[in-house]
Every structure is written in structure tokens, then in C-alpha cells.
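Chemist: Can you keep this structure in mind? I'll have questions shortly.
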Amino acid sequence: MHTTQPLVSLEGICKSFGPVKANNNISLNFYPGRIKALLGENGAGKSTLMSMLAGSLQPDAGTIRVLGTPVRFTSPRHAHNAGIGMVYQHFKLVDSMTVAENVMLGQEDGFLLHPAKMYASIATLARTYGIEIDPAARVEDLSMGERQRVEILKLLRRESSVLIFDEPTAVLTPKETEQLFYAFQRMAALEKSIVFISHKLQEVMEIADEIAILRRGEVVEEFDRESVPDKTTLASRMIGRSMNTEMHRPALAPGEEVVVVENLEVKGLQPLSFSLRKSEVLAIAGVAGNGQKELVEVLAGLCAPRQGNVRLLGKSWKEFFPTPPKVNGLAYIPEDRQGMATCPDLSLVDNLLLTSREIFTEGMLLQRSAGLAATLQIISQYDVRPGNPQASGRSLSGGNLQKLVIGRELLRQPAVIIAENPTQGLDIAATEDVWARLLEARQHAGILLVTGDVNEALQLADRIAVMYRGKFVDCFPVTDAVKVAQIGSMMAGVAYR
Amino acid sequence: MRTWKVTRRTEPLGWGSFLLFIMAFGISLAISGFLLFLQGKPGLGGILLLLEGGFGHGYSLEDTFLKAIPIFLCAAGVAVCFRMQVWNIGVEGQYVMGAAGATWVVLTFPDAPMWAMLPAMGIGAMVAGGLWASLPALLRLYAHMNEIISSLMLNYIALVILQRLVYGPWKDPDGAGFPHTMVFPDPAVIGTFLGRIHYGLLACLVCGLGLVFFLKRTRLGFEVTVGGENATAARYAGMPYARLVLFVFVVCGALAGLAGGIETSAVLHRLSMNISVGYGYTAIVVAWLARLRVGRIALFAFLLAGLRVGVENLQLELGVPAAFAGMMEGCILLTVLAAQFFDNYALRRVQAQPAAAGQKGAGA
């Protein structure tokens, strides 16, 4: 199949973060002149794998070979010197400097700069690879697509032979995407090896010479361009179906409507209507970035609805939000545990008080001793480790921090719970623990579960709504086997019958 | 081959941290001595003169205490703002407006008895300082203007207003045309209790303890802390972030204003241009050096006040310009901040990593 030697090969790469296996025994080859796509859901381990190849993380086990020679990258600089470079989702550019200056930064030829020569050489480089850019433009004036081109030029200027792109089209317009793919082809024609991470089936099928599918940290399948199956098969391979355990889910009679959304419109969202009852779990399944975040921000009170009606516990959005009820109100378990749900540098007690401060306030004073008692109770009830209430939030692993957050949010006996990817990055034991807690909380609450994990939706939900491009593709009870089988293709935006 | 490698400390430094500070302070003194030497003055002798002038005698300690009082109050205010990561650089202006507020009370009710006069002056000072501080907060919240710029600029406007007042409507009719107000009547002057040290020190104690209590025990203080730690989390937890920004500005302005009021009453006994000597800027340095902790602010306020007094001694003895105090402050700030890096990181000598195999241009 391949006659040439691979530029870079990965053999048996493993990487764990605590108990979570982010990458498990991954072997891949990267050939010159080929465009390889790494396809997988969020949390499948794509970015971890590429970070190891680019030198910013080190594998626990396994070998990276460059042209057959084993190497150990301890920093991105080592990887750079070996000809491997990465374009991250967040660009690393100096805004106030020109394109050429950014490209040359750190690789100037001598002490003195020659602007005219610099511009000319960058322009030539860009032309060679079909990249359209003005070398004299300031980065702050550029679009996201143009900034990405600057990042590409930086790698090309270093004569990188393997170029890695982390979700390169996420920030691009369709036109810019087209231009990027053209540059991919030019680079491949000039014997560069292109690797790009994506969860968009359409573009992967359009541009990739080879596709590797990652799921739960493992390469589950590899395809060549010739052998790529149809989109639906690809989607189901990507999402998979691995039901190791079946959660015990006693049936509860749905109660009154706690959330009613009618024709809600916000940025990036088509008019949306649904309702949620007490003792019911409604899962919104979808690949990240299809409008879930916008919807949750409105329901959690972070962003006002632009159009349409939102009723929470019988009150309109405007009546509910300035002063939501202290107890039996709304609890939001955000996906971003470190950045949003907690303050990493404050103690566990302070982190408990963060959202529950109102029930621990008397007059103007904060009842810290009562807060401490509640923290200790959560620590023992949820088995949070290490169990020191004065330790900083930072010292807890993701799973333990999540247990604390869930314990804290359930403390107020909420009637509405919004849980956003509540088990992302958790190991199996912690995942099942979180699931059990949520199912238990159904007794007094309606739960809106926003998840990218189909298995999670199937485990917990009574009804599943699949979200794609800002709207619900369909909404059906979890007992509808025909539709459940089509979730994968609905999430991927493939038309179904 | 062995090289240096920077690693993050896992254990806090404890007392080593204090040692680091002493070393950094020593280095800044050495640099200051070298600057004196470059000017043809005795380097080591100059530094000794300075320390003696600031801390060496009873009367110099009195002076140091007197200067530490306004610096402490201003720095405590700055610390509240900085804790929320709100950058109020306008403390000097808020201090000046506070002085003007207290003076307004005196000039409007010159015959009030002391029990009414002093509290009213305090309130006047705090209201004036707080209102002045609310301007950059409102500009930030409603006009999206960077508070660093606006609060700094307002300092100069405050000075112009002060100038207008003492040259104009508030000028002492019996002052032979000098730009200052009349001397305050006795009920408007805060008394002394130890040499020249006045009861303003008590205000420092009350405000300091109050601030610690506020930050540790009240819900609002907790919200301020969270707002500075993680603004996203504050928003997530439903805290009124905009109102908190306004609140910390007003608290800082009120404390700075109180400092200005106390200074006019207890030290100057009148309002004049002499009220503004840069305590508000020193306070920012103090707050940073103390890492926004109230107890340490007291120590650093005393230290930097001592340097100011000591430089006055240098001025007399060696003819060194007053601006030298500012240079020293800057020098101390830079060395101490640089040393604080080692609180969190350690330098270790390690074996250099072998260079990655497969050199540049694999496959080219």
C-alpha cells in the first residue's frame, strides 16, 4: 500500500491523566504527501495524542519514530527541530506585529533585520504553497483565517515536514475553509505530511487521504481514501456503542412542567421549543458547538433571550433571574469545572459557598462554620478525596472536583438541574457515581442533560433531543428503538428517513 | 553538561519567603547606594544616613508614623480594588478630594463643636473620595473605558480642582494672598497622644480590622474575593459583578478620602497644595509589596514611610533631590517582585536533556 517510509510513526503510545486513559496503545504512521484526518468525538483523545507528537506532552509508554529513529521530545522545541509543528486552536501570535515579523520571530537570520528582504521571502514562501496573505499586514487587522495562515507560514518557514492542525476549520468561514484545503493539497504535493483533527465528517471525507477514528483513547479503525465507507457508517464508528453497565433507573411519574421554552432565539440558535417536567431527564445530544452552549447560557441566566419565551418554575425569565430562589430553584453544573464551576485557588469550603452562599448567610455575615460542616458532609457522602476542606480546589482531580460541585448544587434541592457533560474526563467509577446521583435527584427535579456522549444520554434520559446546527433534529422517547439507532447520523447531520 | 532548570515549588516557602524579601530589600539598598555613589556621594554612608533618618531617633520614628497613617489607609483601599483585579490608580486624586470634602465641612460649619465636627469631617471626606472614585467605575461599566487610564487621569483633574479651590473661593482672606485656606479652628483638629502621633492611627486600626473582618466574614467580602479569583465563576454563581466593581471603587475612594481628611486636619491644619505629596502612588507600591494582605500593608506602609522620612534627611545632609525617594520605591518594588518569583519556583541544577534525535528537516 505504502511504498515510502513513514516520516513519523507512533508505536503503542499510552497516556493517562490520573485514572483516565486518554490514549491507550495507539499506533499510527504519517507519510509524506498524505493528508491524514483524526476523527473522533470530544474527549476521544485526539488532542492529547497530537500534543505528544508536537512535544508539549510526554507519553507514558510507547515510541515515536522520526524516519525510523526513535526520539523523545521533552519540549515543543525538540519536536520543531525534528520537523514536527502544530497549529493550535488558539493562535500564538503577537497582535501588534506584522505577518512577516511574526513568522520570523525567533528565527531571525542575524542581529539586524532587513524588512524588505523579510517581506519578499515570506511572500515567496506563501506563493509556493498557494497561501494568500500580505506579509506587511498587522496581525490585529487579520481575520481568523488569515491568522491561521500566519501560523502555517511559521511552520513552513521552519521547514517542518509534519504539520498538525487542531480543529482547523472551527474558526473559519466556508470560503476560508476552501482556501485552507487548497493549501493542504499544495503542501501535500510538496511532500509535507498533513495531520488534522476533526469531528466534522463532511470535511474529513472531502479532503483526507487517510482517516483514523479514535474512540475512548483508542484507534478503532483506519481507512484509506478508496476504502472509506458511507457517512452513516463513519458516524456510527465514531460514536460507537459501548454499554458496559446498565444504570438502574426506576420509573418516576413525570410531574409538572418546570421549564418551558417557546420559540427561543439567541445567537447561533434556530427558534427552539421544548418543555421539561419534574422527575424527567431530557438529554440534548449533539457534537459540541451546535448551539448547546448558547441554549444553556440562557437557561442558566448568563445571557438574556433575544426572542421567544422562557418560563422557569412558572415565572418568566426576567422575573426568575435577578433573584432566583435560594432553595428549590435552579442548579447549573457546567462543563468547565476548573474555569467556571470553581475557583481553583480558593478552599473547598469557599468553593461550596460559591453558589450556596445565600443559604449560609445571616444578615450580612457568612456562616463559615455552617459552610464547613456542609463541606465535610459532602466530602464523606460523596467520597471526595483528598478530604481536607481547607485544601485548594486545584488540588482535587477532575472527578473529585466534580463530585464536590454536584454535591454543592444538590444541596439546595433544586427543582431544575442543568448538567453539561457531567462525566467528561471522569473514569468509569466516578462516571457511574455521578449518574447515580443525577438519577436520585430526579425525585425533586427536572434534569436537562447536555451531552456529547450518546451512551450517557441512553443511560439517563427519558427523552432525547438531538441537536445539530442550532436546532433539534428530532426529539423522541428513549424507548423508540428505531430513532435511537439513528442518533449517530442525526448528530452528524446526515439526513435520515 | 549541566544547566539550570526552573521548576514549580510544591511546598510553600514559609520563612524562606521572608529571607527572600530581606535579600531583595538589601539588593535594592545596594543599588540605591550605587546611584548615590555615581552622584559623587558616599554610597554606604548615604544609605546609613537614610536608615538613621527614617528609623534612628524618636522624632524620626514620629515622622515615620505620621506618614505611615495616610499611606496605610490608601493602601488598604487599593488592596480591596486589586483583590477584585480592578486597577484603581486614582488613589492620589481620591485622597485629595477627601481632603477637600473634610475642608468643606470645616468652612461651612466653622463653629461646630468637636463631637460633631470631627465625625462630620470624616463623613465628608469619605463621601467626597467615594464619589470621586465612582467616576472611573461608572466609566468602566457604562462606557467600557479602561479604569487604569481614567482613574490615573482623574488624579490630575482632582489636583486642578484643589488648585482652583485654594486659589479661589476657599483662599484665606487673611493669608496675605498665599494659596491655602484659613487655619482650622481647634475643634476641627485631630489631637495627638504620643509626641506628634495623632489619633488618626486609631482610624487605621479600626479600618484595618474592619477590612479583615469584611473580607473574611461577610458575604459581600466573599463576593469581592471570588470576583478577583475568577470572574467567570462569579458570573456563574450569580454575583452582581458590575455592582461589585462599583462597590470596591467606592470603598477604596472612601478610605483614601478619609486619609486625606485626617491629613488636612491632624497634620496641615488647613487645606493647601501641600496635601498632595504622592502618598496615593506610594500606597499602590505598598499594596503590591504586601500582596494585598492587610497585616503586611501596615508593615510596608511603615517601611516606605520611613524611607520617605530618611530621604528628607539625605536631602539636608547630602543635597540629594527629593525624587530619590521615588527612585528607591521603584527599586524596592522591582527587586521584591522579582524575588517573589522564587516563592513559587525553584532553580535547580540538572543534567541537560540529550537533544532529540532526528535533527532538522526530517524528510526534506
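Residue numbering restarts at 1 in every chain; chains get A, B, ... in the order shown in the C-alpha cells, and ligands count up from 1 in that same order.
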Could you list, as JSON, numbers by chain, every residue within 8 Å of range 253-263 of chain B, counting only C-alpha atoms and ignoring same-chain residues fewer than 5 positions away?

Modeler: {"B": [69, 70, 71, 73, 74, 76, 77, 91, 92, 94, 95, 96, 97, 98, 99, 100, 101, 102, 103, 121, 122, 123, 125, 126, 127, 128, 129, 130, 131, 132, 133, 134, 190, 200, 268, 275, 280]}

Chemist: Give me, as a PyMOL selection string, the residues of chain A touching chain B, with the criterion being at most 8 Å (counting only C-alpha atoms).

Modeler: chain A and resi 7+32+66-67+69-73+78-83+159-161+302+339-343+345-346+354-355+357+361+364-368

Chemist: Write the residues of the preceding selection, restricted to N, CA and C atoms, as a JSON list (two decimals), in the first residue's frame.

Modeler:
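The resulting part_16.json:
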[["chain", "number", "residue", "atom", "x", "y", "z"],
["A", 7, "LEU", "N", 7.23, 9.26, 7.51],
["A", 7, "LEU", "CA", 8.03, 10.34, 8.08],
["A", 7, "LEU", "C", 8.11, 10.17, 9.58],
["A", 32, "PRO", "N", 4.79, 11.10, 3.90],
["A", 32, "PRO", "CA", 4.92, 12.35, 3.15],
["A", 32, "PRO", "C", 3.89, 12.41, 2.03],
["A", 66, "VAL", "N", 11.04, 9.11, 14.15],
["A", 66, "VAL", "CA", 11.14, 10.03, 13.02],
["A", 66, "VAL", "C", 12.08, 9.40, 12.02],
["A", 67, "LEU", "N", 11.59, 9.10, 10.83],
["A", 67, "LEU", "CA", 12.36, 8.40, 9.80],
["A", 67, "LEU", "C", 13.02, 7.15, 10.36],
["A", 69, "THR", "N", 14.05, 6.50, 13.34],
["A", 69, "THR", "CA", 14.88, 6.65, 14.54],
["A", 69, "THR", "C", 14.00, 7.00, 15.73],
["A", 70, "PRO", "N", 14.11, 6.26, 16.84],
["A", 70, "PRO", "CA", 13.28, 6.61, 18.00],
["A", 70, "PRO", "C", 13.72, 7.96, 18.58],
["A", 71, "VAL", "N", 12.74, 8.78, 18.97],
["A", 71, "VAL", "CA", 13.05, 10.10, 19.55],
["A", 71, "VAL", "C", 12.26, 10.28, 20.83],
["A", 72, "ARG", "N", 12.74, 11.19, 21.65],
["A", 72, "ARG", "CA", 11.98, 11.58, 22.84],
["A", 72, "ARG", "C", 11.89, 13.08, 22.85],
["A", 73, "PHE", "N", 10.68, 13.59, 22.70],
["A", 73, "PHE", "CA", 10.51, 15.05, 22.72],
["A", 73, "PHE", "C", 10.18, 15.49, 24.13],
["A", 78, "HIS", "N", 12.01, 20.54, 20.73],
["A", 78, "HIS", "CA", 12.58, 19.30, 20.20],
["A", 78, "HIS", "C", 11.80, 18.81, 19.00],
["A", 79, "ALA", "N", 10.48, 18.87, 19.13],
["A", 79, "ALA", "CA", 9.65, 18.41, 18.02],
["A", 79, "ALA", "C", 9.86, 19.29, 16.79],
["A", 80, "HIS", "N", 9.96, 20.60, 17.04],
["A", 80, "HIS", "CA", 10.22, 21.54, 15.94],
["A", 80, "HIS", "C", 11.49, 21.18, 15.21],
["A", 81, "ASN", "N", 12.54, 20.91, 15.99],
["A", 81, "ASN", "CA", 13.83, 20.60, 15.38],
["A", 81, "ASN", "C", 13.75, 19.31, 14.57],
["A", 82, "ALA", "N", 12.84, 18.42, 14.96],
["A", 82, "ALA", "CA", 12.69, 17.18, 14.21],
["A", 82, "ALA", "C", 11.70, 17.35, 13.05],
["A", 83, "GLY", "N", 11.23, 18.58, 12.84],
["A", 83, "GLY", "CA", 10.39, 18.84, 11.69],
["A", 83, "GLY", "C", 8.91, 18.63, 11.93],
["A", 159, "GLU", "N", 10.70, 24.86, 7.96],
["A", 159, "GLU", "CA", 10.84, 23.64, 7.16],
["A", 159, "GLU", "C", 10.29, 22.42, 7.89],
["A", 160, "SER", "N", 9.20, 22.59, 8.60],
["A", 160, "SER", "CA", 8.53, 21.45, 9.23],
["A", 160, "SER", "C", 8.06, 20.51, 8.13],
["A", 161, "SER", "N", 8.17, 19.22, 8.37],
["A", 161, "SER", "CA", 7.70, 18.29, 7.35],
["A", 161, "SER", "C", 6.40, 17.62, 7.76],
["A", 302, "LEU", "N", -27.19, 33.36, 32.28],
["A", 302, "LEU", "CA", -25.97, 34.11, 31.98],
["A", 302, "LEU", "C", -26.18, 35.04, 30.79],
["A", 339, "GLY", "N", -12.66, 26.28, 35.38],
["A", 339, "GLY", "CA", -12.72, 27.69, 34.99],
["A", 339, "GLY", "C", -13.99, 28.38, 35.40],
["A", 340, "MET", "N", -15.08, 27.63, 35.52],
["A", 340, "MET", "CA", -16.36, 28.26, 35.79],
["A", 340, "MET", "C", -17.00, 27.79, 37.09],
["A", 341, "ALA", "N", -17.02, 26.48, 37.31],
["A", 341, "ALA", "CA", -17.76, 25.97, 38.46],
["A", 341, "ALA", "C", -17.03, 26.17, 39.78],
["A", 342, "THR", "N", -15.71, 26.38, 39.72],
["A", 342, "THR", "CA", -14.96, 26.54, 40.96],
["A", 342, "THR", "C", -13.89, 27.60, 40.79],
["A", 343, "CYS", "N", -13.35, 28.05, 41.92],
["A", 343, "CYS", "CA", -12.17, 28.91, 41.92],
["A", 343, "CYS", "C", -11.01, 28.04, 42.36],
["A", 345, "ASP", "N", -8.04, 28.46, 43.27],
["A", 345, "ASP", "CA", -7.15, 28.88, 44.36],
["A", 345, "ASP", "C", -7.87, 29.05, 45.69],
["A", 346, "LEU", "N", -9.18, 28.91, 45.70],
["A", 346, "LEU", "CA", -9.90, 29.02, 46.97],
["A", 346, "LEU", "C", -10.10, 27.63, 47.57],
["A", 354, "LEU", "N", -19.54, 29.26, 47.12],
["A", 354, "LEU", "CA", -19.64, 29.99, 45.86],
["A", 354, "LEU", "C", -21.10, 30.12, 45.39],
["A", 355, "THR", "N", -21.79, 28.99, 45.26],
["A", 355, "THR", "CA", -23.17, 29.10, 44.80],
["A", 355, "THR", "C", -24.17, 28.92, 45.93],
["A", 357, "ARG", "N", -23.88, 30.34, 48.91],
["A", 357, "ARG", "CA", -23.63, 31.35, 49.94],
["A", 357, "ARG", "C", -24.92, 31.92, 50.51],
["A", 361, "THR", "N", -25.99, 32.59, 54.77],
["A", 361, "THR", "CA", -25.83, 33.99, 55.13],
["A", 361, "THR", "C", -26.87, 34.36, 56.17],
["A", 364, "MET", "N", -25.68, 40.12, 57.08],
["A", 364, "MET", "CA", -24.65, 40.31, 56.06],
["A", 364, "MET", "C", -23.51, 39.32, 56.23],
["A", 365, "LEU", "N", -23.59, 38.53, 57.32],
["A", 365, "LEU", "CA", -22.45, 37.69, 57.65],
["A", 365, "LEU", "C", -22.56, 36.30, 57.04],
["A", 366, "LEU", "N", -21.42, 35.82, 56.62],
["A", 366, "LEU", "CA", -21.33, 34.49, 56.05],
["A", 366, "LEU", "C", -21.12, 33.51, 57.19],
["A", 367, "GLN", "N", -21.93, 32.45, 57.25],
["A", 367, "GLN", "CA", -21.78, 31.46, 58.32],
["A", 367, "GLN", "C", -20.76, 30.42, 57.89],
["A", 368, "ARG", "N", -19.48, 30.76, 58.08],
["A", 368, "ARG", "CA", -18.44, 29.86, 57.59],
["A", 368, "ARG", "C", -18.45, 28.51, 58.29]]

Chemist: So the first atom is CA of Glu262 in chain A and the second is CA of Leu330 in chain A; what is the distance between them in Å, to one decimal place?

Modeler: 18.8 Å

Chemist: Can you pull out the residues contacting Leu20 in chain B? Cut-off 9 Å, using only C-alpha atoms, and skip same-chain residues under 3 positions away; I want them as a ChimeraX atom specification.

Modeler: /B:15-17,23-25,336,339-340,342-343

Chemist: Among range 281-448 of chain A, which residues does DSSP mark as strand (DSSP E) when it is run on the backbone? Keep the chain and numbering as in the structure and answer as a list in words.

Modeler: Val281, Leu282, Ala283, Ile284, Ala285, Gln307, Gly308, Asn309, Val310, Arg311, Leu312, Lys315, Ser316, Leu330, Ala331, Tyr332, Ile333, Thr361, Glu362, Leu365, Leu366, Val416, Ile417, Ile418, Ala419, Glu420, Gly446, Ile447 and Leu448 of chain A

Chemist: Output C-alpha atoms for every residue in the selection just made, as an mmCIF file, in the first residue's frame.

Modeler:
data_model
loop_
_atom_site.group_PDB
_atom_site.id
_atom_site.type_symbol
_atom_site.label_atom_id
_atom_site.label_comp_id
_atom_site.auth_asym_id
_atom_site.auth_seq_id
_atom_site.Cartn_x
_atom_site.Cartn_y
_atom_site.Cartn_z
ATOM 1 C CA VAL A 281 -34.398 13.667 32.270
ATOM 2 C CA LEU A 282 -34.288 15.318 28.866
ATOM 3 C CA ALA A 283 -30.960 14.715 27.139
ATOM 4 C CA ILE A 284 -29.774 17.111 24.487
ATOM 5 C CA ALA A 285 -27.351 15.024 22.491
ATOM 6 C CA GLN A 307 -36.694 36.440 21.193
ATOM 7 C CA GLY A 308 -39.279 33.991 22.414
ATOM 8 C CA ASN A 309 -40.438 32.808 25.801
ATOM 9 C CA VAL A 310 -38.605 31.017 28.570
ATOM 10 C CA ARG A 311 -40.546 30.049 31.678
ATOM 11 C CA LEU A 312 -38.771 28.614 34.701
ATOM 12 C CA LYS A 315 -42.017 32.505 36.081
ATOM 13 C CA SER A 316 -40.768 34.349 33.021
ATOM 14 C CA LEU A 330 -32.183 26.122 39.552
ATOM 15 C CA ALA A 331 -28.772 24.458 39.649
ATOM 16 C CA TYR A 332 -26.284 24.508 36.819
ATOM 17 C CA ILE A 333 -23.420 22.018 36.617
ATOM 18 C CA THR A 361 -25.834 33.988 55.126
ATOM 19 C CA GLU A 362 -27.333 35.552 58.181
ATOM 20 C CA LEU A 365 -22.450 37.687 57.653
ATOM 21 C CA LEU A 366 -21.331 34.494 56.047
ATOM 22 C CA VAL A 416 -34.320 22.310 37.742
ATOM 23 C CA ILE A 417 -30.862 20.893 37.068
ATOM 24 C CA ILE A 418 -28.836 21.703 34.000
ATOM 25 C CA ALA A 419 -25.915 19.321 33.681
ATOM 26 C CA GLU A 420 -23.409 19.905 30.925
ATOM 27 C CA GLY A 446 -36.348 18.010 36.161
ATOM 28 C CA ILE A 447 -32.932 17.453 34.611
ATOM 29 C CA LEU A 448 -31.672 18.868 31.361
#

Chemist: Could you give me, as a list in words, the residues within 10 Å of Met117 in chain B, counting only C-alpha atoms and dropping anything in the same chain fewer than 3 positions from it?

Modeler: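 In the requested format, the answer is Ala102, Val105, Val106, Phe109, Pro110, Asp111, Ala112, Pro113, Met114, Ala120, Met121, Gly122, Ile123, Pro187, Ala188 and Val189 of chain B.
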
Chemist: So that I have them on file, write out the residues from the current selection with N, CA and C atoms, as a tab-separated table (two decimals), in the first residue's frame.

Modeler:
chain	number	residue	atom	x	y	z
B	102	ALA	N	-13.44	67.14	53.63
B	102	ALA	CA	-13.35	67.47	55.05
B	102	ALA	C	-13.27	68.99	55.23
B	105	VAL	N	-16.58	70.81	55.06
B	105	VAL	CA	-17.33	70.74	56.31
B	105	VAL	C	-16.86	71.85	57.26
B	106	VAL	N	-15.54	71.98	57.38
B	106	VAL	CA	-14.98	72.98	58.30
B	106	VAL	C	-15.37	74.39	57.89
B	109	PHE	N	-19.33	74.88	58.36
B	109	PHE	CA	-19.80	74.95	59.75
B	109	PHE	C	-18.63	75.26	60.68
B	110	PRO	N	-18.05	76.47	60.59
B	110	PRO	CA	-16.81	76.72	61.34
B	110	PRO	C	-17.01	76.69	62.85
B	111	ASP	N	-18.25	76.84	63.30
B	111	ASP	CA	-18.45	76.95	64.74
B	111	ASP	C	-18.94	75.66	65.38
B	112	ALA	N	-18.97	74.58	64.61
B	112	ALA	CA	-19.49	73.33	65.17
B	112	ALA	C	-18.59	72.83	66.28
B	113	PRO	N	-19.17	72.18	67.30
B	113	PRO	CA	-18.35	71.63	68.37
B	113	PRO	C	-17.60	70.38	67.88
B	114	MET	N	-16.56	70.00	68.62
B	114	MET	CA	-15.69	68.93	68.16
B	114	MET	C	-16.42	67.61	67.97
B	120	ALA	N	-18.29	64.61	61.26
B	120	ALA	CA	-18.81	65.18	60.01
B	120	ALA	C	-17.69	65.32	58.99
B	121	MET	N	-16.51	65.72	59.45
B	121	MET	CA	-15.37	65.83	58.53
B	121	MET	C	-15.01	64.46	57.95
B	122	GLY	N	-15.04	63.45	58.83
B	122	GLY	CA	-14.73	62.10	58.36
B	122	GLY	C	-15.71	61.66	57.30
B	123	ILE	N	-17.00	61.92	57.56
B	123	ILE	CA	-18.02	61.52	56.59
B	123	ILE	C	-17.86	62.31	55.29
B	187	PRO	N	-11.61	72.73	67.19
B	187	PRO	CA	-12.47	71.53	67.15
B	187	PRO	C	-12.29	70.72	65.87
B	188	ALA	N	-11.69	71.32	64.84
B	188	ALA	CA	-11.52	70.59	63.58
B	188	ALA	C	-10.14	69.95	63.48
B	189	VAL	N	-9.38	69.97	64.55
B	189	VAL	CA	-8.03	69.40	64.51
B	189	VAL	C	-7.99	68.13	65.37

Chemist: I'd like the neighbourhood of Lys21 in chain A as a PyMOL selection string, where a residue qualifies if any of its atoms comes within 9 Å (using only C-alpha atoms), though same-chain residues fewer than 6 positions away should be ignored.

Modeler: chain A and resi 14-15+45+216-217+427

Chemist: Could you go through range 238-358 of chain B and tell me which residues DSSP, when run on the backbone, assigns to helix (DSSP H, G or I), listing them as an MDAnalysis selection string?

Modeler: chainID B and resid 241:268 273:275 279:289 294:318 323:344

Chemist: Return the single residue from B:Ile197, B:Leu44, B:Val250, B:Ser276 that is closest to Tyr156 in chain B, with distances computed using only C-alpha atoms.

Modeler: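 For Tyr156 in chain B, the nearest of the candidates is B:Ser276.
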
Chemist: Using only C-alpha atoms, which protein or nucleic acid residues come within 9 Å of Val86 in chain B? Drop anything in the same chain fewer than 2 positions from it, and give the result as a PyMOL selection string.

Modeler: chain B and resi 80-84+88+147-148+228+245+248-249

Chemist: Okay, now the selection with C-alpha atoms, as an mmCIF file, in the first residue's frame?

Modeler:
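Result went into again-v4.cif, see below:
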data_model
loop_
_atom_site.group_PDB
_atom_site.id
_atom_site.type_symbol
_atom_site.label_atom_id
_atom_site.label_comp_id
_atom_site.auth_asym_id
_atom_site.auth_seq_id
_atom_site.Cartn_x
_atom_site.Cartn_y
_atom_site.Cartn_z
ATOM 1 C CA VAL B 80 -9.660 45.941 48.082
ATOM 2 C CA CYS B 81 -9.730 47.026 44.443
ATOM 3 C CA PHE B 82 -6.727 44.944 43.435
ATOM 4 C CA ARG B 83 -8.183 41.887 45.140
ATOM 5 C CA MET B 84 -11.001 42.085 42.650
ATOM 6 C CA ASN B 88 -7.612 51.773 40.594
ATOM 7 C CA GLU B 147 -10.086 52.102 34.587
ATOM 8 C CA ILE B 148 -6.297 52.308 34.743
ATOM 9 C CA GLY B 228 -10.952 38.698 41.783
ATOM 10 C CA VAL B 245 -16.790 46.788 40.687
ATOM 11 C CA VAL B 248 -14.751 48.268 45.524
ATOM 12 C CA PHE B 249 -14.024 51.574 43.842
#

Chemist: Considering only C-alpha atoms, state which residue in the set B:Ala68, B:Cys331, B:Gly46, B:Ala75 is at the smallest distance from Gly319 in chain B.

Modeler: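 Going through B:Ala68, B:Cys331, B:Gly46, B:Ala75 one by one, the smallest distance to Gly319 in chain B is for B:Gly46.
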
Chemist: Which residues are close to Arg164 in chain B, i.e. within 12 Å by only C-alpha atoms, leaving aside same-chain residues fewer than 3 positions away? Reply as an NGL selection string.

Modeler: :B and (100 or 157-161 or 167-171 or 179-181 or 272-273)

Chemist: Please save C-alpha atoms of the selected residues as a JSON list (two decimals), in the first residue's frame.

Modeler:
[["chain", "number", "residue", "atom", "x", "y", "z"],
["B", 100, "ALA", "CA", -11.36, 68.86, 50.12],
["B", 157, "ILE", "CA", -8.22, 66.74, 37.43],
["B", 158, "ALA", "CA", -8.51, 66.46, 41.21],
["B", 159, "LEU", "CA", -5.31, 68.48, 41.56],
["B", 160, "VAL", "CA", -6.66, 71.18, 39.28],
["B", 161, "ILE", "CA", -9.87, 71.34, 41.32],
["B", 167, "TYR", "CA", -6.56, 80.00, 44.85],
["B", 168, "GLY", "CA", -10.23, 80.93, 44.58],
["B", 169, "PRO", "CA", -13.26, 80.64, 46.82],
["B", 170, "TRP", "CA", -11.53, 78.93, 49.75],
["B", 171, "LYS", "CA", -8.49, 81.23, 49.89],
["B", 179, "PRO", "CA", -2.91, 79.73, 48.21],
["B", 180, "HIS", "CA", -4.35, 77.99, 51.24],
["B", 181, "THR", "CA", -7.45, 78.04, 53.40],
["B", 272, "SER", "CA", -3.24, 73.71, 50.69],
["B", 273, "MET", "CA", -1.47, 72.31, 47.65]]
